[in-house]
$ cat target_25.tsv   # TSV, N, CA and C atoms
chain	number	residue	atom	x	y	z
A	14	MET	N	4.66	-38.85	1.23
A	14	MET	CA	4.06	-37.85	0.34
A	14	MET	C	3.36	-36.80	1.21
A	15	ASN	N	3.62	-35.52	0.88
A	15	ASN	CA	3.02	-34.48	1.71
A	15	ASN	C	1.57	-34.17	1.30
A	16	ALA	N	0.88	-33.45	2.15
A	16	ALA	CA	-0.55	-33.15	1.93
A	16	ALA	C	-0.77	-32.35	0.65
A	17	PHE	N	0.16	-31.45	0.31
A	17	PHE	CA	0.02	-30.64	-0.91
A	17	PHE	C	-0.03	-31.54	-2.15
A	18	VAL	N	0.89	-32.51	-2.23
A	18	VAL	CA	0.93	-33.41	-3.38
A	18	VAL	C	-0.33	-34.25	-3.44
A	19	ILE	N	-0.76	-34.76	-2.30
A	19	ILE	CA	-2.01	-35.55	-2.26
A	19	ILE	C	-3.18	-34.69	-2.71
A	20	TYR	N	-3.28	-33.48	-2.18
A	20	TYR	CA	-4.37	-32.56	-2.52
A	20	TYR	C	-4.34	-32.22	-4.01
A	21	MET	N	-3.16	-31.93	-4.53
A	21	MET	CA	-3.02	-31.54	-5.93
A	21	MET	C	-3.37	-32.68	-6.89
A	22	ASN	N	-3.24	-33.92	-6.45
A	22	ASN	CA	-3.59	-35.06	-7.30
A	22	ASN	C	-5.10	-35.23	-7.43
A	23	HIS	N	-5.88	-34.55	-6.59
A	23	HIS	CA	-7.32	-34.72	-6.60
A	23	HIS	C	-8.10	-33.58	-7.23
A	24	ILE	N	-7.50	-32.43	-7.38
A	24	ILE	CA	-8.19	-31.31	-8.03
A	24	ILE	C	-7.23	-30.61	-8.99
A	25	PRO	N	-7.75	-29.97	-10.02
A	25	PRO	CA	-6.89	-29.24	-10.95
A	25	PRO	C	-6.18	-28.08	-10.24
A	26	PRO	N	-4.94	-27.77	-10.63
A	26	PRO	CA	-4.18	-26.70	-9.97
A	26	PRO	C	-4.92	-25.37	-9.94
A	27	GLU	N	-5.59	-24.99	-11.03
A	27	GLU	CA	-6.27	-23.69	-11.04
A	27	GLU	C	-7.39	-23.64	-10.00
A	28	GLU	N	-8.04	-24.77	-9.75
A	28	GLU	CA	-9.09	-24.82	-8.73
A	28	GLU	C	-8.47	-24.71	-7.33
A	29	TYR	N	-7.34	-25.38	-7.14
A	29	TYR	CA	-6.64	-25.30	-5.86
A	29	TYR	C	-6.24	-23.85	-5.56
A	30	TYR	N	-5.57	-23.18	-6.51
A	30	TYR	CA	-5.11	-21.83	-6.25
A	30	TYR	C	-6.27	-20.84	-6.08
A	31	ALA	N	-7.38	-21.06	-6.78
A	31	ALA	CA	-8.56	-20.21	-6.62
A	31	ALA	C	-9.17	-20.37	-5.23
A	32	SER	N	-8.91	-21.49	-4.59
A	32	SER	CA	-9.48	-21.75	-3.26
A	32	SER	C	-8.65	-21.16	-2.13
A	33	LEU	N	-7.48	-20.63	-2.42
A	33	LEU	CA	-6.62	-20.09	-1.37
A	33	LEU	C	-7.22	-18.81	-0.77
A	34	PRO	N	-6.91	-18.51	0.48
A	34	PRO	CA	-7.46	-17.32	1.14
A	34	PRO	C	-7.06	-16.03	0.43
A	35	LYS	N	-7.92	-15.06	0.49
A	35	LYS	CA	-7.67	-13.74	-0.10
A	35	LYS	C	-7.25	-12.78	1.00
A	36	LYS	N	-6.30	-11.92	0.69
A	36	LYS	CA	-5.84	-10.92	1.63
A	36	LYS	C	-5.76	-9.58	0.91
A	37	ARG	N	-5.98	-8.50	1.66
A	37	ARG	CA	-5.77	-7.17	1.10
A	37	ARG	C	-4.28	-6.88	1.13
A	38	CYS	N	-3.79	-6.30	0.07
A	38	CYS	CA	-2.38	-5.98	-0.04
A	38	CYS	C	-2.25	-4.52	-0.45
A	39	ALA	N	-1.47	-3.75	0.29
A	39	ALA	CA	-1.31	-2.33	-0.02
A	39	ALA	C	0.17	-1.98	-0.11
A	40	ALA	N	0.47	-0.97	-0.92
A	40	ALA	CA	1.82	-0.43	-1.05
A	40	ALA	C	1.78	1.04	-0.60
A	41	LEU	N	2.62	1.38	0.35
A	41	LEU	CA	2.65	2.72	0.93
A	41	LEU	C	4.04	3.32	0.76
A	42	VAL	N	4.13	4.64	0.90
A	42	VAL	CA	5.42	5.33	0.76
A	42	VAL	C	5.64	6.28	1.94
A	43	VAL	N	6.82	6.20	2.55
A	43	VAL	CA	7.22	7.15	3.58
A	43	VAL	C	8.11	8.18	2.91
A	44	TYR	N	7.59	9.41	2.81
A	44	TYR	CA	8.35	10.52	2.23
A	44	TYR	C	8.92	11.39	3.34
A	45	PRO	N	10.26	11.42	3.49
A	45	PRO	CA	10.84	12.35	4.45
A	45	PRO	C	10.60	13.79	3.99
A	46	CYS	N	10.29	14.66	4.93
A	46	CYS	CA	10.08	16.09	4.68
A	46	CYS	C	11.14	16.87	5.45
A	47	PRO	N	11.24	18.17	5.20
A	47	PRO	CA	12.19	18.98	5.98
A	47	PRO	C	11.89	18.91	7.49
A	48	ASN	N	12.90	19.22	8.28
A	48	ASN	CA	12.79	19.28	9.74
A	48	ASN	C	12.48	17.93	10.38
A	49	ASN	N	13.01	16.84	9.82
A	49	ASN	CA	12.82	15.49	10.38
A	49	ASN	C	11.37	15.10	10.51
A	50	THR	N	10.57	15.45	9.52
A	50	THR	CA	9.15	15.07	9.51
A	50	THR	C	8.89	14.14	8.32
A	51	VAL	N	7.69	13.58	8.25
A	51	VAL	CA	7.28	12.74	7.13
A	51	VAL	C	5.91	13.18	6.64
A	52	LEU	N	5.64	12.92	5.38
A	52	LEU	CA	4.36	13.29	4.78
A	52	LEU	C	3.28	12.26	5.12
A	53	ILE	N	2.13	12.75	5.53
A	53	ILE	CA	0.96	11.89	5.73
A	53	ILE	C	-0.22	12.51	5.01
A	54	VAL	N	-1.20	11.65	4.70
A	54	VAL	CA	-2.39	12.11	3.97
A	54	VAL	C	-3.64	11.73	4.77
A	55	GLU	N	-4.69	12.53	4.59
A	55	GLU	CA	-5.97	12.27	5.26
A	55	GLU	C	-6.99	11.83	4.21
A	56	PRO	N	-7.26	10.52	4.13
A	56	PRO	CA	-8.22	10.03	3.14
A	56	PRO	C	-9.65	10.43	3.47
A	57	LEU	N	-10.48	10.53	2.44
A	57	LEU	CA	-11.90	10.85	2.64
A	57	LEU	C	-12.64	9.72	3.36
A	58	TYR	N	-12.20	8.50	3.17
A	58	TYR	CA	-12.93	7.32	3.64
A	58	TYR	C	-12.52	6.87	5.04
A	59	ARG	N	-11.62	7.60	5.70
A	59	ARG	CA	-11.16	7.20	7.04
A	59	ARG	C	-11.09	8.42	7.95
A	60	HIS	N	-10.99	8.15	9.24
A	60	HIS	CA	-10.90	9.24	10.22
A	60	HIS	C	-9.48	9.36	10.78
A	61	ASP	N	-8.53	8.74	10.11
A	61	ASP	CA	-7.15	8.84	10.57
A	61	ASP	C	-6.23	9.19	9.41
A	62	TRP	N	-4.97	9.43	9.71
A	62	TRP	CA	-3.98	9.83	8.73
A	62	TRP	C	-3.12	8.63	8.36
A	63	LEU	N	-2.66	8.59	7.11
A	63	LEU	CA	-1.88	7.47	6.60
A	63	LEU	C	-0.71	7.98	5.76
A	64	PHE	N	0.22	7.09	5.47
A	64	PHE	CA	1.23	7.40	4.47
A	64	PHE	C	0.56	7.32	3.10
A	65	PRO	N	1.05	8.07	2.11
A	65	PRO	CA	0.48	7.94	0.76
A	65	PRO	C	0.59	6.49	0.28
A	66	GLY	N	-0.43	6.01	-0.40
A	66	GLY	CA	-0.42	4.65	-0.92
A	66	GLY	C	-1.81	4.08	-1.01
A	67	GLY	N	-1.90	2.81	-1.33
A	67	GLY	CA	-3.21	2.18	-1.44
A	67	GLY	C	-3.11	0.74	-1.90
A	68	LEU	N	-4.25	0.19	-2.25
A	68	LEU	CA	-4.33	-1.22	-2.61
A	68	LEU	C	-3.57	-1.55	-3.88
A	69	VAL	N	-2.94	-2.71	-3.86
A	69	VAL	CA	-2.28	-3.26	-5.04
A	69	VAL	C	-3.37	-3.90	-5.90
A	70	GLU	N	-3.36	-3.62	-7.19
A	70	GLU	CA	-4.38	-4.13	-8.09
A	70	GLU	C	-3.92	-5.41	-8.79
A	71	GLY	N	-4.70	-6.49	-8.63
A	71	GLY	CA	-4.43	-7.74	-9.32
A	71	GLY	C	-2.99	-8.20	-9.20
A	72	ASP	N	-2.35	-8.40	-10.34
A	72	ASP	CA	-0.96	-8.86	-10.37
A	72	ASP	C	0.03	-7.71	-10.47
A	73	GLU	N	-0.39	-6.51	-10.11
A	73	GLU	CA	0.47	-5.34	-10.18
A	73	GLU	C	1.70	-5.51	-9.28
A	74	PRO	N	2.89	-5.22	-9.78
A	74	PRO	CA	4.08	-5.27	-8.92
A	74	PRO	C	3.95	-4.26	-7.77
A	75	LEU	N	4.48	-4.61	-6.61
A	75	LEU	CA	4.35	-3.76	-5.42
A	75	LEU	C	4.92	-2.37	-5.64
A	76	LEU	N	6.10	-2.27	-6.22
A	76	LEU	CA	6.72	-0.96	-6.44
A	76	LEU	C	5.89	-0.13	-7.42
A	77	ALA	N	5.36	-0.77	-8.45
A	77	ALA	CA	4.50	-0.06	-9.41
A	77	ALA	C	3.25	0.47	-8.72
A	78	ALA	N	2.70	-0.31	-7.80
A	78	ALA	CA	1.51	0.13	-7.06
A	78	ALA	C	1.84	1.34	-6.18
A	79	ALA	N	2.99	1.31	-5.52
A	79	ALA	CA	3.40	2.44	-4.69
A	79	ALA	C	3.54	3.70	-5.53
A	80	LYS	N	4.14	3.58	-6.70
A	80	LYS	CA	4.32	4.74	-7.59
A	80	LYS	C	2.97	5.23	-8.11
A	81	ARG	N	2.11	4.31	-8.54
A	81	ARG	CA	0.79	4.70	-9.07
A	81	ARG	C	-0.03	5.42	-8.01
A	82	GLU	N	-0.07	4.84	-6.82
A	82	GLU	CA	-0.85	5.44	-5.74
A	82	GLU	C	-0.29	6.81	-5.33
A	83	SER	N	1.02	6.95	-5.35
A	83	SER	CA	1.64	8.23	-5.03
A	83	SER	C	1.20	9.29	-6.04
A	84	ILE	N	1.23	8.94	-7.31
A	84	ILE	CA	0.80	9.88	-8.35
A	84	ILE	C	-0.67	10.23	-8.16
A	85	GLU	N	-1.50	9.23	-7.89
A	85	GLU	CA	-2.94	9.47	-7.70
A	85	GLU	C	-3.21	10.37	-6.49
A	86	GLU	N	-2.43	10.21	-5.42
A	86	GLU	CA	-2.73	10.93	-4.18
A	86	GLU	C	-2.04	12.28	-4.04
A	87	ILE	N	-0.80	12.40	-4.53
A	87	ILE	CA	-0.09	13.68	-4.33
A	87	ILE	C	0.38	14.32	-5.64
A	88	GLY	N	0.14	13.65	-6.77
A	88	GLY	CA	0.44	14.26	-8.07
A	88	GLY	C	1.82	13.98	-8.62
A	89	PHE	N	2.66	13.27	-7.90
A	89	PHE	CA	3.99	12.90	-8.39
A	89	PHE	C	4.47	11.69	-7.62
A	90	GLU	N	5.58	11.10	-8.09
A	90	GLU	CA	6.17	10.00	-7.33
A	90	GLU	C	7.67	10.16	-7.30
A	91	LYS	N	8.22	9.94	-6.13
A	91	LYS	CA	9.66	9.93	-5.90
A	91	LYS	C	9.94	8.73	-5.00
A	92	VAL	N	9.56	7.54	-5.50
A	92	VAL	CA	9.62	6.31	-4.72
A	92	VAL	C	10.91	5.56	-5.05
A	93	THR	N	11.64	5.15	-4.03
A	93	THR	CA	12.82	4.32	-4.25
A	93	THR	C	12.39	2.85	-4.24
A	94	ASP	N	13.30	1.97	-4.58
A	94	ASP	CA	12.97	0.54	-4.53
A	94	ASP	C	13.34	-0.09	-3.19
A	95	GLU	N	13.60	0.76	-2.19
A	95	GLU	CA	13.95	0.27	-0.86
A	95	GLU	C	12.69	-0.02	-0.04
A	96	LEU	N	12.51	-1.28	0.30
A	96	LEU	CA	11.38	-1.70	1.12
A	96	LEU	C	11.78	-1.52	2.59
A	97	LEU	N	11.04	-0.68	3.30
A	97	LEU	CA	11.37	-0.37	4.69
A	97	LEU	C	10.80	-1.39	5.67
A	98	VAL	N	9.55	-1.77	5.45
A	98	VAL	CA	8.88	-2.66	6.41
A	98	VAL	C	7.70	-3.35	5.74
A	99	VAL	N	7.38	-4.53	6.24
A	99	VAL	CA	6.16	-5.23	5.87
A	99	VAL	C	5.32	-5.30	7.14
A	100	ASN	N	4.09	-4.82	7.06
A	100	ASN	CA	3.22	-4.74	8.23
A	100	ASN	C	2.01	-5.65	8.04
A	101	TYR	N	1.77	-6.52	9.02
A	101	TYR	CA	0.63	-7.42	9.00
A	101	TYR	C	-0.49	-6.84	9.86
A	102	ILE	N	-1.71	-6.84	9.33
A	102	ILE	CA	-2.87	-6.37	10.08
A	102	ILE	C	-3.89	-7.50	10.12
A	103	LYS	N	-4.22	-7.94	11.32
A	103	LYS	CA	-5.14	-9.06	11.45
A	103	LYS	C	-6.57	-8.64	11.09
A	104	ALA	N	-7.38	-9.61	10.75
A	104	ALA	CA	-8.78	-9.36	10.42
A	104	ALA	C	-9.51	-8.84	11.66
A	105	PHE	N	-10.42	-7.89	11.44
A	105	PHE	CA	-11.27	-7.43	12.53
A	105	PHE	C	-12.55	-6.86	11.92
A	106	GLY	N	-13.64	-7.10	12.62
A	106	GLY	CA	-14.94	-6.65	12.11
A	106	GLY	C	-15.19	-7.21	10.72
A	107	HIS	N	-15.55	-6.35	9.79
A	107	HIS	CA	-15.82	-6.79	8.43
A	107	HIS	C	-14.57	-6.77	7.56
A	108	LYS	N	-13.44	-6.35	8.11
A	108	LYS	CA	-12.21	-6.24	7.33
A	108	LYS	C	-11.42	-7.54	7.34
A	109	THR	N	-10.92	-7.92	6.17
A	109	THR	CA	-10.07	-9.11	6.06
A	109	THR	C	-8.64	-8.76	6.45
A	110	GLU	N	-7.81	-9.77	6.58
A	110	GLU	CA	-6.40	-9.54	6.86
A	110	GLU	C	-5.78	-8.66	5.79
A	111	ALA	N	-4.74	-7.93	6.17
A	111	ALA	CA	-4.05	-7.06	5.21
A	111	ALA	C	-2.55	-7.15	5.42
A	112	ILE	N	-1.83	-6.95	4.35
A	112	ILE	CA	-0.38	-6.88	4.39
A	112	ILE	C	0.01	-5.57	3.72
A	113	HIS	N	0.75	-4.72	4.44
A	113	HIS	CA	1.21	-3.44	3.91
A	113	HIS	C	2.70	-3.51	3.64
A	114	PHE	N	3.09	-3.15	2.43
A	114	PHE	CA	4.49	-3.07	2.04
A	114	PHE	C	4.84	-1.58	1.98
A	115	VAL	N	5.77	-1.15	2.83
A	115	VAL	CA	6.08	0.26	2.97
A	115	VAL	C	7.45	0.56	2.34
A	116	PHE	N	7.44	1.41	1.31
A	116	PHE	CA	8.65	1.77	0.58
A	116	PHE	C	9.17	3.13	1.05
A	117	LYS	N	10.46	3.34	0.85
A	117	LYS	CA	11.09	4.61	1.17
A	117	LYS	C	10.94	5.56	-0.01
A	118	GLY	N	10.49	6.77	0.27
A	118	GLY	CA	10.44	7.80	-0.74
A	118	GLY	C	11.67	8.68	-0.66
A	119	GLU	N	11.97	9.36	-1.75
A	119	GLU	CA	13.07	10.33	-1.72
A	119	GLU	C	12.63	11.52	-0.86
A	120	PRO	N	13.58	12.19	-0.22
A	120	PRO	CA	13.22	13.36	0.60
A	120	PRO	C	12.51	14.42	-0.24
A	121	LEU	N	11.45	14.98	0.32
A	121	LEU	CA	10.71	16.04	-0.36
A	121	LEU	C	11.27	17.41	0.03
A	122	THR	N	11.30	18.29	-0.94
A	122	THR	CA	11.70	19.67	-0.70
A	122	THR	C	10.45	20.49	-0.40
A	123	GLN	N	10.64	21.72	0.06
A	123	GLN	CA	9.50	22.62	0.26
A	123	GLN	C	8.76	22.83	-1.07
A	124	GLU	N	9.52	22.88	-2.15
A	124	GLU	CA	8.91	23.03	-3.47
A	124	GLU	C	8.01	21.84	-3.80
A	125	ASP	N	8.50	20.61	-3.51
A	125	ASP	CA	7.68	19.41	-3.72
A	125	ASP	C	6.39	19.49	-2.91
A	126	ILE	N	6.51	19.86	-1.65
A	126	ILE	CA	5.35	19.92	-0.74
A	126	ILE	C	4.33	20.93	-1.25
A	127	HIS	N	4.79	22.08	-1.72
A	127	HIS	CA	3.88	23.11	-2.23
A	127	HIS	C	3.24	22.70	-3.56
A	128	SER	N	3.86	21.73	-4.27
A	128	SER	CA	3.31	21.31	-5.57
A	128	SER	C	2.29	20.18	-5.43
A	129	ILE	N	2.07	19.67	-4.22
A	129	ILE	CA	1.11	18.58	-4.02
A	129	ILE	C	-0.28	19.03	-4.42
A	130	ARG	N	-0.90	18.21	-5.27
A	130	ARG	CA	-2.30	18.43	-5.67
A	130	ARG	C	-3.16	17.45	-4.86
A	131	ILE	N	-4.10	17.97	-4.12
A	131	ILE	CA	-4.97	17.10	-3.30
A	131	ILE	C	-6.19	16.72	-4.13
A	132	PRO	N	-6.31	15.44	-4.51
A	132	PRO	CA	-7.46	15.01	-5.30
A	132	PRO	C	-8.74	15.01	-4.47
A	133	ALA	N	-9.72	15.79	-4.88
A	133	ALA	CA	-10.96	15.95	-4.12
A	133	ALA	C	-11.71	14.63	-3.93
A	134	ASP	N	-11.49	13.65	-4.80
A	134	ASP	CA	-12.20	12.38	-4.70
A	134	ASP	C	-11.47	11.36	-3.84
A	135	LYS	N	-10.28	11.71	-3.31
A	135	LYS	CA	-9.50	10.76	-2.52
A	135	LYS	C	-9.09	11.26	-1.15
A	136	LEU	N	-8.65	12.53	-1.10
A	136	LEU	CA	-8.05	13.04	0.14
A	136	LEU	C	-8.74	14.32	0.62
A	137	THR	N	-8.61	14.54	1.93
A	137	THR	CA	-9.06	15.80	2.53
A	137	THR	C	-7.89	16.77	2.61
A	138	SER	N	-6.72	16.25	3.03
A	138	SER	CA	-5.54	17.12	3.16
A	138	SER	C	-4.27	16.29	3.29
A	139	THR	N	-3.16	16.99	3.31
A	139	THR	CA	-1.84	16.39	3.55
A	139	THR	C	-1.10	17.27	4.55
A	140	LYS	N	-0.11	16.69	5.23
A	140	LYS	CA	0.74	17.50	6.10
A	140	LYS	C	2.00	16.72	6.41
A	141	CYS	N	3.01	17.45	6.88
A	141	CYS	CA	4.25	16.83	7.34
A	141	CYS	C	4.25	16.89	8.86
A	142	VAL	N	4.49	15.74	9.47
A	142	VAL	CA	4.51	15.66	10.95
A	142	VAL	C	5.76	14.98	11.43
$ encode --input "target_25.tsv" --output "structure tokens"
Amino acid sequence: MNAFVIYMNHIPPEEYYASLPKKRCAALVVYPCPNNTVLIVEPLYRHDWLFPGGLVEGDEPLLAAAKRESIEEIGFEKVTDELLVVNYIKAFGHKTEAIHFVFKGEPLTQEDIHSIRIPADKLTSTKCV
């Protein structure tokens, strides 16, 4: 008998699952831009640039989170269901471990880029690099 079965026989399943470690989970989008560049955003809360995206909420599906965050950050979403990479970030300082799921966005046109609305409560700016 394995340890999981022994453990599960001693506590209710909901208590067992509530005891599991918590991790931050984010869904991001890589949007290709003209001239072999990609879109990045500058959040208010950080000193570096990121792909559009953010934390997955509760039981939200990963793709739905990527689309929601894209709309919140740039005003539209052109997210495909193609998962490009899963990135693991180890815990450091006060931050817990994180897992980033990075989806492929449809290529943006100059018109798309000019239509980006920068939300004053989330971002400082956007650019293609």
$ atom_distance --input "target_25.tsv" --atom1 "atom N of A:His107" --atom2 "atom N of A:Arg37"
12.7 Å
$ residues_near_point --input "target_25.tsv" --point "(-7.3, -2.8, -9.1)" --cutoff "12 Å" --atoms "only C-alpha atoms" --output "JSON, numbers by chain"
{"A": [37, 38, 39, 67, 68, 69, 70, 71, 72, 73, 74, 78, 81, 82]}
$ select_by_dssp --input "target_25.tsv" --residues "chain A" --states "strand (DSSP E or B)" --output "CSV table (one decimal) with N, CA and C atoms, in the frame of the given file"
chain,number,residue,atom,x,y,z
A,37,ARG,N,-6.0,-8.5,1.7
A,37,ARG,CA,-5.8,-7.2,1.1
A,37,ARG,C,-4.3,-6.9,1.1
A,38,CYS,N,-3.8,-6.3,0.1
A,38,CYS,CA,-2.4,-6.0,0.0
A,38,CYS,C,-2.2,-4.5,-0.4
A,39,ALA,N,-1.5,-3.8,0.3
A,39,ALA,CA,-1.3,-2.3,0.0
A,39,ALA,C,0.2,-2.0,-0.1
A,40,ALA,N,0.5,-1.0,-0.9
A,40,ALA,CA,1.8,-0.4,-1.0
A,40,ALA,C,1.8,1.0,-0.6
A,41,LEU,N,2.6,1.4,0.4
A,41,LEU,CA,2.6,2.7,0.9
A,41,LEU,C,4.0,3.3,0.8
A,42,VAL,N,4.1,4.6,0.9
A,42,VAL,CA,5.4,5.3,0.8
A,42,VAL,C,5.6,6.3,1.9
A,43,VAL,N,6.8,6.2,2.6
A,43,VAL,CA,7.2,7.2,3.6
A,43,VAL,C,8.1,8.2,2.9
A,45,PRO,N,10.3,11.4,3.5
A,45,PRO,CA,10.8,12.4,4.4
A,45,PRO,C,10.6,13.8,4.0
A,46,CYS,N,10.3,14.7,4.9
A,46,CYS,CA,10.1,16.1,4.7
A,46,CYS,C,11.1,16.9,5.4
A,50,THR,N,10.6,15.4,9.5
A,50,THR,CA,9.2,15.1,9.5
A,50,THR,C,8.9,14.1,8.3
A,51,VAL,N,7.7,13.6,8.2
A,51,VAL,CA,7.3,12.7,7.1
A,51,VAL,C,5.9,13.2,6.6
A,52,LEU,N,5.6,12.9,5.4
A,52,LEU,CA,4.4,13.3,4.8
A,52,LEU,C,3.3,12.3,5.1
A,53,ILE,N,2.1,12.8,5.5
A,53,ILE,CA,1.0,11.9,5.7
A,53,ILE,C,-0.2,12.5,5.0
A,54,VAL,N,-1.2,11.6,4.7
A,54,VAL,CA,-2.4,12.1,4.0
A,54,VAL,C,-3.6,11.7,4.8
A,55,GLU,N,-4.7,12.5,4.6
A,55,GLU,CA,-6.0,12.3,5.3
A,55,GLU,C,-7.0,11.8,4.2
A,56,PRO,N,-7.3,10.5,4.1
A,56,PRO,CA,-8.2,10.0,3.1
A,56,PRO,C,-9.6,10.4,3.5
A,63,LEU,N,-2.7,8.6,7.1
A,63,LEU,CA,-1.9,7.5,6.6
A,63,LEU,C,-0.7,8.0,5.8
A,66,GLY,N,-0.4,6.0,-0.4
A,66,GLY,CA,-0.4,4.6,-0.9
A,66,GLY,C,-1.8,4.1,-1.0
A,67,GLY,N,-1.9,2.8,-1.3
A,67,GLY,CA,-3.2,2.2,-1.4
A,67,GLY,C,-3.1,0.7,-1.9
A,68,LEU,N,-4.2,0.2,-2.2
A,68,LEU,CA,-4.3,-1.2,-2.6
A,68,LEU,C,-3.6,-1.6,-3.9
A,92,VAL,N,9.6,7.5,-5.5
A,92,VAL,CA,9.6,6.3,-4.7
A,92,VAL,C,10.9,5.6,-5.0
A,93,THR,N,11.6,5.2,-4.0
A,93,THR,CA,12.8,4.3,-4.2
A,93,THR,C,12.4,2.8,-4.2
A,94,ASP,N,13.3,2.0,-4.6
A,94,ASP,CA,13.0,0.5,-4.5
A,94,ASP,C,13.3,-0.1,-3.2
A,95,GLU,N,13.6,0.8,-2.2
A,95,GLU,CA,14.0,0.3,-0.9
A,95,GLU,C,12.7,0.0,0.0
A,96,LEU,N,12.5,-1.3,0.3
A,96,LEU,CA,11.4,-1.7,1.1
A,96,LEU,C,11.8,-1.5,2.6
A,97,LEU,N,11.0,-0.7,3.3
A,97,LEU,CA,11.4,-0.4,4.7
A,97,LEU,C,10.8,-1.4,5.7
A,98,VAL,N,9.6,-1.8,5.4
A,98,VAL,CA,8.9,-2.7,6.4
A,98,VAL,C,7.7,-3.4,5.7
A,99,VAL,N,7.4,-4.5,6.2
A,99,VAL,CA,6.2,-5.2,5.9
A,99,VAL,C,5.3,-5.3,7.1
A,100,ASN,N,4.1,-4.8,7.1
A,100,ASN,CA,3.2,-4.7,8.2
A,100,ASN,C,2.0,-5.6,8.0
A,101,TYR,N,1.8,-6.5,9.0
A,101,TYR,CA,0.6,-7.4,9.0
A,101,TYR,C,-0.5,-6.8,9.9
A,102,ILE,N,-1.7,-6.8,9.3
A,102,ILE,CA,-2.9,-6.4,10.1
A,102,ILE,C,-3.9,-7.5,10.1
A,105,PHE,N,-10.4,-7.9,11.4
A,105,PHE,CA,-11.3,-7.4,12.5
A,105,PHE,C,-12.6,-6.9,11.9
A,108,LYS,N,-13.4,-6.4,8.1
A,108,LYS,CA,-12.2,-6.2,7.3
A,108,LYS,C,-11.4,-7.5,7.3
A,111,ALA,N,-4.7,-7.9,6.2
A,111,ALA,CA,-4.0,-7.1,5.2
A,111,ALA,C,-2.6,-7.2,5.4
A,112,ILE,N,-1.8,-7.0,4.4
A,112,ILE,CA,-0.4,-6.9,4.4
A,112,ILE,C,0.0,-5.6,3.7
A,113,HIS,N,0.8,-4.7,4.4
A,113,HIS,CA,1.2,-3.4,3.9
A,113,HIS,C,2.7,-3.5,3.6
A,114,PHE,N,3.1,-3.2,2.4
A,114,PHE,CA,4.5,-3.1,2.0
A,114,PHE,C,4.8,-1.6,2.0
A,115,VAL,N,5.8,-1.2,2.8
A,115,VAL,CA,6.1,0.3,3.0
A,115,VAL,C,7.4,0.6,2.3
A,116,PHE,N,7.4,1.4,1.3
A,116,PHE,CA,8.6,1.8,0.6
A,116,PHE,C,9.2,3.1,1.0
A,117,LYS,N,10.5,3.3,0.8
A,117,LYS,CA,11.1,4.6,1.2
A,117,LYS,C,10.9,5.6,0.0
A,118,GLY,N,10.5,6.8,0.3
A,118,GLY,CA,10.4,7.8,-0.7
A,118,GLY,C,11.7,8.7,-0.7
A,136,LEU,N,-8.6,12.5,-1.1
A,136,LEU,CA,-8.0,13.0,0.1
A,136,LEU,C,-8.7,14.3,0.6
A,137,THR,N,-8.6,14.5,1.9
A,137,THR,CA,-9.1,15.8,2.5
A,137,THR,C,-7.9,16.8,2.6
A,138,SER,N,-6.7,16.2,3.0
A,138,SER,CA,-5.5,17.1,3.2
A,138,SER,C,-4.3,16.3,3.3
A,139,THR,N,-3.2,17.0,3.3
A,139,THR,CA,-1.8,16.4,3.6
A,139,THR,C,-1.1,17.3,4.6
A,140,LYS,N,-0.1,16.7,5.2
A,140,LYS,CA,0.7,17.5,6.1
A,140,LYS,C,2.0,16.7,6.4
A,141,CYS,N,3.0,17.4,6.9
A,141,CYS,CA,4.2,16.8,7.3
A,141,CYS,C,4.2,16.9,8.9
$ residues_around --input "target_25.tsv" --residues "A:Val142" --least-positions-apart "5" --cutoff "7 Å" --atoms "all atoms listed in the file" --output "NGL selection string"
:A and (49-53)
$ atom_distance --input "target_25.tsv" --atom1 "atom CA of A:Val115" --atom2 "atom CA of A:Val99"
6.2 Å
$ closest_residue --input "target_25.tsv" --among "A:Ala104, A:Leu41, A:Ile112, A:Cys46" --to "A:Cys141" --atoms "all atoms listed in the file"
A:Cys46
$ residues_around --input "target_25.tsv" --residues "A:Glu119" --least-positions-apart "4" --cutoff "6 Å" --atoms "only N, CA and C atoms" --output "PyMOL selection string"
chain A and resi 44-45+91-93
$ write_last_selection --input "target_25.tsv" --atoms "N, CA and C atoms" --output "PDB file, in the frame of the given file"
ATOM      1  N   TYR A  44       7.590   9.410   2.810  1.00  0.00           N
ATOM      2  CA  TYR A  44       8.350  10.520   2.230  1.00  0.00           C
ATOM      3  C   TYR A  44       8.920  11.390   3.340  1.00  0.00           C
ATOM      4  N   PRO A  45      10.260  11.420   3.490  1.00  0.00           N
ATOM      5  CA  PRO A  45      10.840  12.350   4.450  1.00  0.00           C
ATOM      6  C   PRO A  45      10.600  13.790   3.990  1.00  0.00           C
ATOM      7  N   LYS A  91       8.220   9.940  -6.130  1.00  0.00           N
ATOM      8  CA  LYS A  91       9.660   9.930  -5.900  1.00  0.00           C
ATOM      9  C   LYS A  91       9.940   8.730  -5.000  1.00  0.00           C
ATOM     10  N   VAL A  92       9.560   7.540  -5.500  1.00  0.00           N
ATOM     11  CA  VAL A  92       9.620   6.310  -4.720  1.00  0.00           C
ATOM     12  C   VAL A  92      10.910   5.560  -5.050  1.00  0.00           C
ATOM     13  N   THR A  93      11.640   5.150  -4.030  1.00  0.00           N
ATOM     14  CA  THR A  93      12.820   4.320  -4.250  1.00  0.00           C
ATOM     15  C   THR A  93      12.390   2.850  -4.240  1.00  0.00           C
TER      16      THR A  93
END
$ closest_residue --input "target_25.tsv" --among "A:Ser128, A:Asp134, A:Asp94, A:Glu110" --to "A:Leu76" --atoms "all atoms listed in the file"
A:Asp94
$ closest_residue --input "target_25.tsv" --among "A:Pro47, A:Val42, A:Phe64, A:Gly88" --to "A:Arg130" --atoms "only N, CA and C atoms"
A:Gly88
$ atom_distance --input "target_25.tsv" --atom1 "atom C of A:Lys117" --atom2 "atom C of A:Phe89"
11.7 Å
$ residues_around --input "target_25.tsv" --residues "A:Asn100" --least-positions-apart "3" --cutoff "8 Å" --atoms "all atoms listed in the file" --output "ChimeraX atom specification"
/A:97,103,111-115
$ select_by_dssp --input "target_25.tsv" --residues "stretch 36-120 of chain A" --states "helix (DSSP H, G or I)" --output "list in words"
Leu75, Leu76, Ala77, Ala78, Ala79, Lys80, Arg81, Glu82, Ser83, Ile84, Glu85, Glu86 and Ile87 of chain A
